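What follows is the content of structure_12.pdb, which has PDB, C-alpha atoms and all ligand atoms:
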ATOM      1  CA  MET A 240      37.432   5.837  38.872  1.00  0.00           C
ATOM      2  CA  ALA A 241      39.288   4.078  36.120  1.00  0.00           C
ATOM      3  CA  VAL A 242      39.939   4.881  32.503  1.00  0.00           C
ATOM      4  CA  LEU A 243      38.690   1.855  30.575  1.00  0.00           C
ATOM      5  CA  ASP A 244      39.981   0.446  27.290  1.00  0.00           C
ATOM      6  CA  LEU A 245      38.046   1.686  24.285  1.00  0.00           C
ATOM      7  CA  ARG A 246      36.613  -0.742  21.746  1.00  0.00           C
ATOM      8  CA  PHE A 247      37.053   0.069  18.073  1.00  0.00           C
ATOM      9  CA  ASP A 248      35.080  -0.463  14.871  1.00  0.00           C
ATOM     10  CA  GLY A 249      35.242  -4.141  13.992  1.00  0.00           C
ATOM     11  CA  ASP A 250      34.746  -5.268  17.600  1.00  0.00           C
ATOM     12  CA  PRO A 251      31.515  -7.320  17.754  1.00  0.00           C
ATOM     13  CA  VAL A 252      30.346  -5.610  20.968  1.00  0.00           C
ATOM     14  CA  LEU A 253      29.830  -2.407  18.952  1.00  0.00           C
ATOM     15  CA  ARG A 254      27.213  -4.277  16.899  1.00  0.00           C
ATOM     16  CA  ALA A 255      25.293  -5.674  19.857  1.00  0.00           C
ATOM     17  CA  VAL A 256      21.733  -4.632  20.624  1.00  0.00           C
ATOM     18  CA  CYS A 257      22.355  -3.755  24.262  1.00  0.00           C
ATOM     19  CA  ASP A 258      20.363  -5.094  27.192  1.00  0.00           C
ATOM     20  CA  PRO A 259      18.201  -2.858  29.405  1.00  0.00           C
ATOM     21  CA  VAL A 260      19.652  -1.926  32.776  1.00  0.00           C
ATOM     22  CA  THR A 261      17.610  -3.499  35.569  1.00  0.00           C
ATOM     23  CA  ALA A 262      19.844  -3.007  38.640  1.00  0.00           C
ATOM     24  CA  PHE A 263      20.496   0.548  39.865  1.00  0.00           C
ATOM     25  CA  ASP A 264      23.311  -0.534  42.107  1.00  0.00           C
ATOM     26  CA  ASP A 265      26.954   0.092  42.967  1.00  0.00           C
ATOM     27  CA  ALA A 266      28.077  -1.721  39.833  1.00  0.00           C
ATOM     28  CA  LEU A 267      26.103   0.719  37.667  1.00  0.00           C
ATOM     29  CA  ASN A 268      27.517   3.688  39.589  1.00  0.00           C
ATOM     30  CA  THR A 269      31.049   2.376  39.085  1.00  0.00           C
ATOM     31  CA  LEU A 270      30.484   1.723  35.391  1.00  0.00           C
ATOM     32  CA  VAL A 271      29.152   5.251  34.854  1.00  0.00           C
ATOM     33  CA  ALA A 272      31.992   6.849  36.844  1.00  0.00           C
ATOM     34  CA  ASP A 273      34.517   4.906  34.812  1.00  0.00           C
ATOM     35  CA  MET A 274      32.749   5.839  31.577  1.00  0.00           C
ATOM     36  CA  PHE A 275      32.944   9.550  32.451  1.00  0.00           C
ATOM     37  CA  ALA A 276      36.651   9.161  33.280  1.00  0.00           C
ATOM     38  CA  THR A 277      37.199   7.375  29.967  1.00  0.00           C
ATOM     39  CA  MET A 278      35.216   9.962  27.998  1.00  0.00           C
ATOM     40  CA  TYR A 279      37.096  12.936  29.477  1.00  0.00           C
ATOM     41  CA  ASP A 280      40.422  11.157  29.003  1.00  0.00           C
ATOM     42  CA  ALA A 281      39.754  10.258  25.349  1.00  0.00           C
ATOM     43  CA  PRO A 282      38.783  13.188  25.010  1.00  0.00           C
ATOM     44  CA  GLY A 283      35.170  13.019  23.862  1.00  0.00           C
ATOM     45  CA  ARG A 284      31.718  14.510  24.431  1.00  0.00           C
ATOM     46  CA  GLY A 285      29.866  11.215  24.657  1.00  0.00           C
ATOM     47  CA  LEU A 286      30.529   7.558  25.372  1.00  0.00           C
ATOM     48  CA  ALA A 287      28.251   4.537  25.247  1.00  0.00           C
ATOM     49  CA  ALA A 288      28.708   1.376  27.306  1.00  0.00           C
ATOM     50  CA  PRO A 289      29.473  -0.907  24.330  1.00  0.00           C
ATOM     51  CA  GLN A 290      32.436   1.354  23.557  1.00  0.00           C
ATOM     52  CA  VAL A 291      34.002   0.016  26.749  1.00  0.00           C
ATOM     53  CA  GLY A 292      32.833  -3.540  26.112  1.00  0.00           C
ATOM     54  CA  VAL A 293      29.590  -3.508  28.121  1.00  0.00           C
ATOM     55  CA  ALA A 294      26.403  -4.329  26.192  1.00  0.00           C
ATOM     56  CA  SER A 295      24.074  -2.348  28.487  1.00  0.00           C
ATOM     57  CA  ARG A 296      21.719   0.493  27.673  1.00  0.00           C
ATOM     58  CA  VAL A 297      23.658   3.330  29.251  1.00  0.00           C
ATOM     59  CA  PHE A 298      25.630   6.257  27.917  1.00  0.00           C
ATOM     60  CA  VAL A 299      27.213   9.409  29.247  1.00  0.00           C
ATOM     61  CA  THR A 300      27.481  12.839  27.643  1.00  0.00           C
ATOM     62  CA  ASP A 301      28.983  16.217  28.358  1.00  0.00           C
ATOM     63  CA  VAL A 302      28.589  18.361  25.269  1.00  0.00           C
ATOM     64  CA  THR A 303      29.991  21.566  26.801  1.00  0.00           C
ATOM     65  CA  TRP A 304      33.088  20.604  28.774  1.00  0.00           C
ATOM     66  CA  LYS A 305      35.497  21.330  25.948  1.00  0.00           C
ATOM     67  CA  GLU A 306      34.268  24.930  26.094  1.00  0.00           C
ATOM     68  CA  GLY A 307      34.929  25.019  29.842  1.00  0.00           C
ATOM     69  CA  ASP A 308      31.502  24.277  31.347  1.00  0.00           C
ATOM     70  CA  ARG A 309      30.901  20.757  32.608  1.00  0.00           C
ATOM     71  CA  THR A 310      27.374  19.408  32.110  1.00  0.00           C
ATOM     72  CA  PRO A 311      27.689  15.644  32.659  1.00  0.00           C
ATOM     73  CA  ILE A 312      24.559  13.539  32.203  1.00  0.00           C
ATOM     74  CA  ALA A 313      24.261   9.769  32.560  1.00  0.00           C
ATOM     75  CA  PHE A 314      21.424   8.301  30.481  1.00  0.00           C
ATOM     76  CA  VAL A 315      20.150   4.854  31.496  1.00  0.00           C
ATOM     77  CA  ASN A 316      17.594   3.031  29.333  1.00  0.00           C
ATOM     78  CA  PRO A 317      17.192   6.100  27.096  1.00  0.00           C
ATOM     79  CA  THR A 318      14.437   6.415  24.494  1.00  0.00           C
ATOM     80  CA  VAL A 319      13.165   9.032  22.060  1.00  0.00           C
ATOM     81  CA  VAL A 320       9.487   9.777  22.714  1.00  0.00           C
ATOM     82  CA  ALA A 321       9.153  12.447  19.996  1.00  0.00           C
ATOM     83  CA  ARG A 322      11.383  14.042  17.446  1.00  0.00           C
ATOM     84  CA  ALA A 323      11.422  16.988  15.077  1.00  0.00           C
ATOM     85  CA  ASP A 324      10.408  16.341  11.480  1.00  0.00           C
ATOM     86  CA  GLU A 325      13.127  18.784  10.487  1.00  0.00           C
ATOM     87  CA  THR A 326      16.641  17.415  10.260  1.00  0.00           C
ATOM     88  CA  ALA A 327      20.022  19.067   9.993  1.00  0.00           C
ATOM     89  CA  THR A 328      23.322  17.720   8.762  1.00  0.00           C
ATOM     90  CA  GLY A 329      26.272  17.987  11.103  1.00  0.00           C
ATOM     91  CA  THR A 330      29.780  16.635  11.336  1.00  0.00           C
ATOM     92  CA  GLU A 331      30.275  13.790  13.788  1.00  0.00           C
ATOM     93  CA  ALA A 332      33.218  11.782  14.961  1.00  0.00           C
ATOM     94  CA  CYS A 333      33.287   8.704  17.179  1.00  0.00           C
ATOM     95  CA  LEU A 334      35.879   7.554  19.713  1.00  0.00           C
ATOM     96  CA  SER A 335      35.508   4.041  18.291  1.00  0.00           C
ATOM     97  CA  ILE A 336      36.267   5.238  14.745  1.00  0.00           C
ATOM     98  CA  PRO A 337      39.428   7.335  15.167  1.00  0.00           C
ATOM     99  CA  ASP A 338      40.572  10.002  12.740  1.00  0.00           C
ATOM    100  CA  ARG A 339      37.465   9.906  10.565  1.00  0.00           C
ATOM    101  CA  ALA A 340      34.558  12.346  10.291  1.00  0.00           C
ATOM    102  CA  PHE A 341      31.097  11.877   8.856  1.00  0.00           C
ATOM    103  CA  ASP A 342      28.220  14.128   7.827  1.00  0.00           C
ATOM    104  CA  VAL A 343      25.114  12.780   9.550  1.00  0.00           C
ATOM    105  CA  ASP A 344      21.464  13.867   9.388  1.00  0.00           C
ATOM    106  CA  ARG A 345      19.764  14.180  12.773  1.00  0.00           C
ATOM    107  CA  PRO A 346      16.454  15.620  13.976  1.00  0.00           C
ATOM    108  CA  VAL A 347      16.927  19.194  15.183  1.00  0.00           C
ATOM    109  CA  TRP A 348      15.331  18.276  18.512  1.00  0.00           C
ATOM    110  CA  VAL A 349      14.269  15.142  20.333  1.00  0.00           C
ATOM    111  CA  ALA A 350      12.071  14.601  23.367  1.00  0.00           C
ATOM    112  CA  ALA A 351      14.141  12.161  25.408  1.00  0.00           C
ATOM    113  CA  ARG A 352      13.170   9.907  28.290  1.00  0.00           C
ATOM    114  CA  TRP A 353      15.660   8.003  30.404  1.00  0.00           C
ATOM    115  CA  GLN A 354      16.417   6.880  33.929  1.00  0.00           C
ATOM    116  CA  ASP A 355      19.004   8.445  36.186  1.00  0.00           C
ATOM    117  CA  LEU A 356      21.363   6.483  38.432  1.00  0.00           C
ATOM    118  CA  SER A 357      18.672   6.144  41.096  1.00  0.00           C
ATOM    119  CA  GLY A 358      16.240   4.684  38.579  1.00  0.00           C
ATOM    120  CA  ALA A 359      14.047   7.810  38.509  1.00  0.00           C
ATOM    121  CA  VAL A 360      12.540   8.624  35.116  1.00  0.00           C
ATOM    122  CA  GLN A 361      13.745  11.882  33.575  1.00  0.00           C
ATOM    123  CA  GLU A 362      12.488  13.697  30.505  1.00  0.00           C
ATOM    124  CA  ALA A 363      13.893  16.598  28.554  1.00  0.00           C
ATOM    125  CA  ARG A 364      13.664  18.195  25.168  1.00  0.00           C
ATOM    126  CA  LEU A 365      17.168  18.220  23.722  1.00  0.00           C
ATOM    127  CA  ALA A 366      18.226  20.401  20.808  1.00  0.00           C
ATOM    128  CA  GLY A 367      21.357  21.310  18.901  1.00  0.00           C
ATOM    129  CA  PRO A 368      24.554  19.566  20.026  1.00  0.00           C
ATOM    130  CA  GLN A 369      22.690  17.825  22.861  1.00  0.00           C
ATOM    131  CA  ALA A 370      20.231  16.253  20.416  1.00  0.00           C
ATOM    132  CA  ILE A 371      23.019  15.212  18.067  1.00  0.00           C
ATOM    133  CA  CYS A 372      25.024  13.639  20.872  1.00  0.00           C
ATOM    134  CA  PHE A 373      21.958  11.890  22.335  1.00  0.00           C
ATOM    135  CA  CYS A 374      21.042  10.374  18.954  1.00  0.00           C
ATOM    136  CA  HIS A 375      24.642   9.331  18.245  1.00  0.00           C
ATOM    137  CA  GLU A 376      24.989   7.568  21.583  1.00  0.00           C
ATOM    138  CA  LEU A 377      21.510   6.018  21.388  1.00  0.00           C
ATOM    139  CA  ASP A 378      22.509   4.508  18.043  1.00  0.00           C
ATOM    140  CA  HIS A 379      25.432   2.817  19.791  1.00  0.00           C
ATOM    141  CA  LEU A 380      22.998   0.972  22.091  1.00  0.00           C
ATOM    142  CA  ASP A 381      21.405  -0.573  18.996  1.00  0.00           C
ATOM    143  CA  GLY A 382      24.688  -1.477  17.344  1.00  0.00           C
ATOM    144  CA  VAL A 383      24.516   1.382  14.851  1.00  0.00           C
ATOM    145  CA  LEU A 384      27.598   3.414  13.939  1.00  0.00           C
ATOM    146  CA  ILE A 385      27.997   6.605  11.941  1.00  0.00           C
ATOM    147  CA  THR A 386      29.678   4.552   9.229  1.00  0.00           C
ATOM    148  CA  ASP A 387      26.199   3.060   8.597  1.00  0.00           C
ATOM    149  CA  HIS A 388      24.291   6.232   7.745  1.00  0.00           C
ATOM    150  CA  GLY A 389      26.807   9.047   7.533  1.00  0.00           C
ATOM    151  CA  VAL A 390      28.763  10.322   4.562  1.00  0.00           C
ATOM    152  CA  GLU A 391      32.495  10.288   5.152  1.00  0.00           C
ATOM    153  CA  GLN A 392      34.205  13.614   4.698  1.00  0.00           C
TER     154      GLN A 392
HETATM  155 NI    NI B   1      30.361   7.080  18.846  1.00  0.00          NI
END

When written as structure tokens, how does the structure in this file appear?
Amino acid sequence: MAVLDLRFDGDPVLRAVCDPVTAFDDALNTLVADMFATMYDAPGRGLAAPQVGVASRVFVTDVTWKEGDRTPIAFVNPTVVARADETATGTEACLSIPDRAFDVDRPVWVAARWQDLSGAVQEARLAGPQAICFCHELDHLDGVLITDHGVEQ
């Protein structure tokens, strides 16, 4: 595993609409392992492939590790299949936008669908911090940053 160089706001790769992953191979496994290493090193709770210069639809999250319980998930080709009408405003930061914080509205839950590293389709209803993190990272795959729709604190 390797800690990769982070890309920062202003880098064009952060504005790319990322390409679907089609090969569930060793290269994908290596990318994801390196992304987890980079996320934990940063330290962050989520990291999307464009943040390490790869315009592919993959991100990793672990929303609990800072509280001592590791729950790593790799999301490949993630989508939202349903979402709550109700939204809540929370504070978000981004490893690509250091030392800034934004208030962002997100749905209070999302029904997510994605593929795991074997290519198998997974589905889950995510709520709270998991929903926030999923939506934040999914935005990255479409070139959207919290500077676009958040209110800076
Ligand atoms: Ni981010």

Please list as a ChimeraX atom specification every residue within 10 Å of range 283-299 of chain A, counting only C-alpha atoms and excluding residues in the same chain fewer than 6 positions away. /A:242-248,250-261,267,270-275,277,305,311-318,332-335,353-356,368-369,372-373,375-382

Mind writing the picked residues with C-alpha atoms as a CSV table (one decimal), in the frame of the given file?
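Produced file out18.csv, reproduced below:
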chain,number,residue,atom,x,y,z
A,242,VAL,CA,39.9,4.9,32.5
A,243,LEU,CA,38.7,1.9,30.6
A,244,ASP,CA,40.0,0.4,27.3
A,245,LEU,CA,38.0,1.7,24.3
A,246,ARG,CA,36.6,-0.7,21.7
A,247,PHE,CA,37.1,0.1,18.1
A,248,ASP,CA,35.1,-0.5,14.9
A,250,ASP,CA,34.7,-5.3,17.6
A,251,PRO,CA,31.5,-7.3,17.8
A,252,VAL,CA,30.3,-5.6,21.0
A,253,LEU,CA,29.8,-2.4,19.0
A,254,ARG,CA,27.2,-4.3,16.9
A,255,ALA,CA,25.3,-5.7,19.9
A,256,VAL,CA,21.7,-4.6,20.6
A,257,CYS,CA,22.4,-3.8,24.3
A,258,ASP,CA,20.4,-5.1,27.2
A,259,PRO,CA,18.2,-2.9,29.4
A,260,VAL,CA,19.7,-1.9,32.8
A,261,THR,CA,17.6,-3.5,35.6
A,267,LEU,CA,26.1,0.7,37.7
A,270,LEU,CA,30.5,1.7,35.4
A,271,VAL,CA,29.2,5.3,34.9
A,272,ALA,CA,32.0,6.8,36.8
A,273,ASP,CA,34.5,4.9,34.8
A,274,MET,CA,32.7,5.8,31.6
A,275,PHE,CA,32.9,9.6,32.5
A,277,THR,CA,37.2,7.4,30.0
A,305,LYS,CA,35.5,21.3,25.9
A,311,PRO,CA,27.7,15.6,32.7
A,312,ILE,CA,24.6,13.5,32.2
A,313,ALA,CA,24.3,9.8,32.6
A,314,PHE,CA,21.4,8.3,30.5
A,315,VAL,CA,20.2,4.9,31.5
A,316,ASN,CA,17.6,3.0,29.3
A,317,PRO,CA,17.2,6.1,27.1
A,318,THR,CA,14.4,6.4,24.5
A,332,ALA,CA,33.2,11.8,15.0
A,333,CYS,CA,33.3,8.7,17.2
A,334,LEU,CA,35.9,7.6,19.7
A,335,SER,CA,35.5,4.0,18.3
A,353,TRP,CA,15.7,8.0,30.4
A,354,GLN,CA,16.4,6.9,33.9
A,355,ASP,CA,19.0,8.4,36.2
A,356,LEU,CA,21.4,6.5,38.4
A,368,PRO,CA,24.6,19.6,20.0
A,369,GLN,CA,22.7,17.8,22.9
A,372,CYS,CA,25.0,13.6,20.9
A,373,PHE,CA,22.0,11.9,22.3
A,375,HIS,CA,24.6,9.3,18.2
A,376,GLU,CA,25.0,7.6,21.6
A,377,LEU,CA,21.5,6.0,21.4
A,378,ASP,CA,22.5,4.5,18.0
A,379,HIS,CA,25.4,2.8,19.8
A,380,LEU,CA,23.0,1.0,22.1
A,381,ASP,CA,21.4,-0.6,19.0
A,382,GLY,CA,24.7,-1.5,17.3

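Among the candidate residues A:Thr326, A:Gln392, A:Thr303, A:Thr386, the one lying nearest to ligand NI 1 (chain B) is A:Thr386, with distances computed using all atoms listed in the file.
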
Using all atoms listed in the file, determine which residues lie at most 10 Å from Glu391 in chain A, disregarding the query and same-chain residues fewer than 5 positions distant; provide the list as a PyMOL selection string. chain A and resi 330-332+339-343+385-386

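Relative to CA of Asn268 in chain A, CA of Leu365 in chain A is found at 23.9 Å.
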
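In this structure, CA of Asp387 in chain A sits 14.9 Å away from CA of Thr328 in chain A.
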
Which neighbours of Val319 in chain A fall inside 8 Å, counting all atoms listed in the file, when residues of the same chain fewer than 6 positions from it are skipped, and could you give them as a ChimeraX atom specification? /A:349-352

Correct to one decimal, the distance CA of Ala327 in chain A-CA of Ala363 in chain A is 19.7 Å

Which of these, A:Ser357, A:Thr310, A:Ala366, A:Ala281, has the shortest distance to ligand NI 1 (chain B) once you count only C-alpha atoms and all ligand atoms? A:Ala281

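The residue that comes closest to Arg309 in chain A, out of A:Val360, A:Asp264, A:Tyr279, A:Ile371 and on the basis of all atoms listed in the file, is A:Tyr279.
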
Counting all atoms listed in the file, which of A:Ala321, A:Leu384, A:Gly249, A:Ala266 gets nearest to ligand NI 1 (chain B)? A:Leu384

Using all atoms listed in the file, pick whichever of A:Ile336, A:Met240, A:Val320, A:Pro346 has the shortest atom-to-atom distance to ligand NI 1 (chain B). A:Ile336

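Distances to ligand NI 1 (chain B) were evaluated for A:Val383, A:Ala323, A:Val390, A:Ala241 using all atoms listed in the file, and the minimum falls at A:Val383.
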
Produce range 317-330 of chain A of the given structure as output with N, CA and C atoms, as a compact mmCIF listing (two decimals), in the first residue's frame.
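That gives us selection03.txt:
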# COMPACT_ATOMS: atom_id res chain seq x y z
N PRO A 317 -20.89 3.98 -7.72
CA PRO A 317 -22.01 4.23 -6.80
C PRO A 317 -23.09 5.11 -7.43
N THR A 318 -24.33 4.85 -7.01
CA THR A 318 -25.47 5.68 -7.41
C THR A 318 -26.42 5.82 -6.23
N VAL A 319 -27.25 6.85 -6.29
CA VAL A 319 -28.35 7.02 -5.35
C VAL A 319 -29.61 6.55 -6.05
N VAL A 320 -30.31 5.57 -5.47
CA VAL A 320 -31.54 5.07 -6.09
C VAL A 320 -32.78 5.69 -5.46
N ALA A 321 -32.65 6.24 -4.25
CA ALA A 321 -33.73 6.97 -3.61
C ALA A 321 -33.12 7.82 -2.51
N ARG A 322 -33.82 8.88 -2.19
CA ARG A 322 -33.29 9.76 -1.15
C ARG A 322 -34.44 10.35 -0.35
N ALA A 323 -34.14 10.75 0.88
CA ALA A 323 -35.13 11.41 1.72
C ALA A 323 -35.49 12.76 1.13
N ASP A 324 -36.75 13.15 1.27
CA ASP A 324 -37.13 14.53 0.93
C ASP A 324 -36.55 15.50 1.96
N GLU A 325 -36.47 15.02 3.19
CA GLU A 325 -35.97 15.87 4.28
C GLU A 325 -34.46 16.03 4.16
N THR A 326 -33.99 17.25 4.35
CA THR A 326 -32.56 17.49 4.36
C THR A 326 -32.14 18.04 5.72
N ALA A 327 -30.86 17.95 5.97
CA ALA A 327 -30.28 18.53 7.19
C ALA A 327 -28.98 19.22 6.79
N THR A 328 -28.66 20.26 7.52
CA THR A 328 -27.44 21.01 7.26
C THR A 328 -26.36 20.56 8.23
N GLY A 329 -25.22 20.18 7.67
CA GLY A 329 -24.10 19.75 8.50
C GLY A 329 -22.82 20.44 8.05
N THR A 330 -21.82 20.36 8.89
CA THR A 330 -20.52 20.94 8.57
C THR A 330 -19.65 19.90 7.89
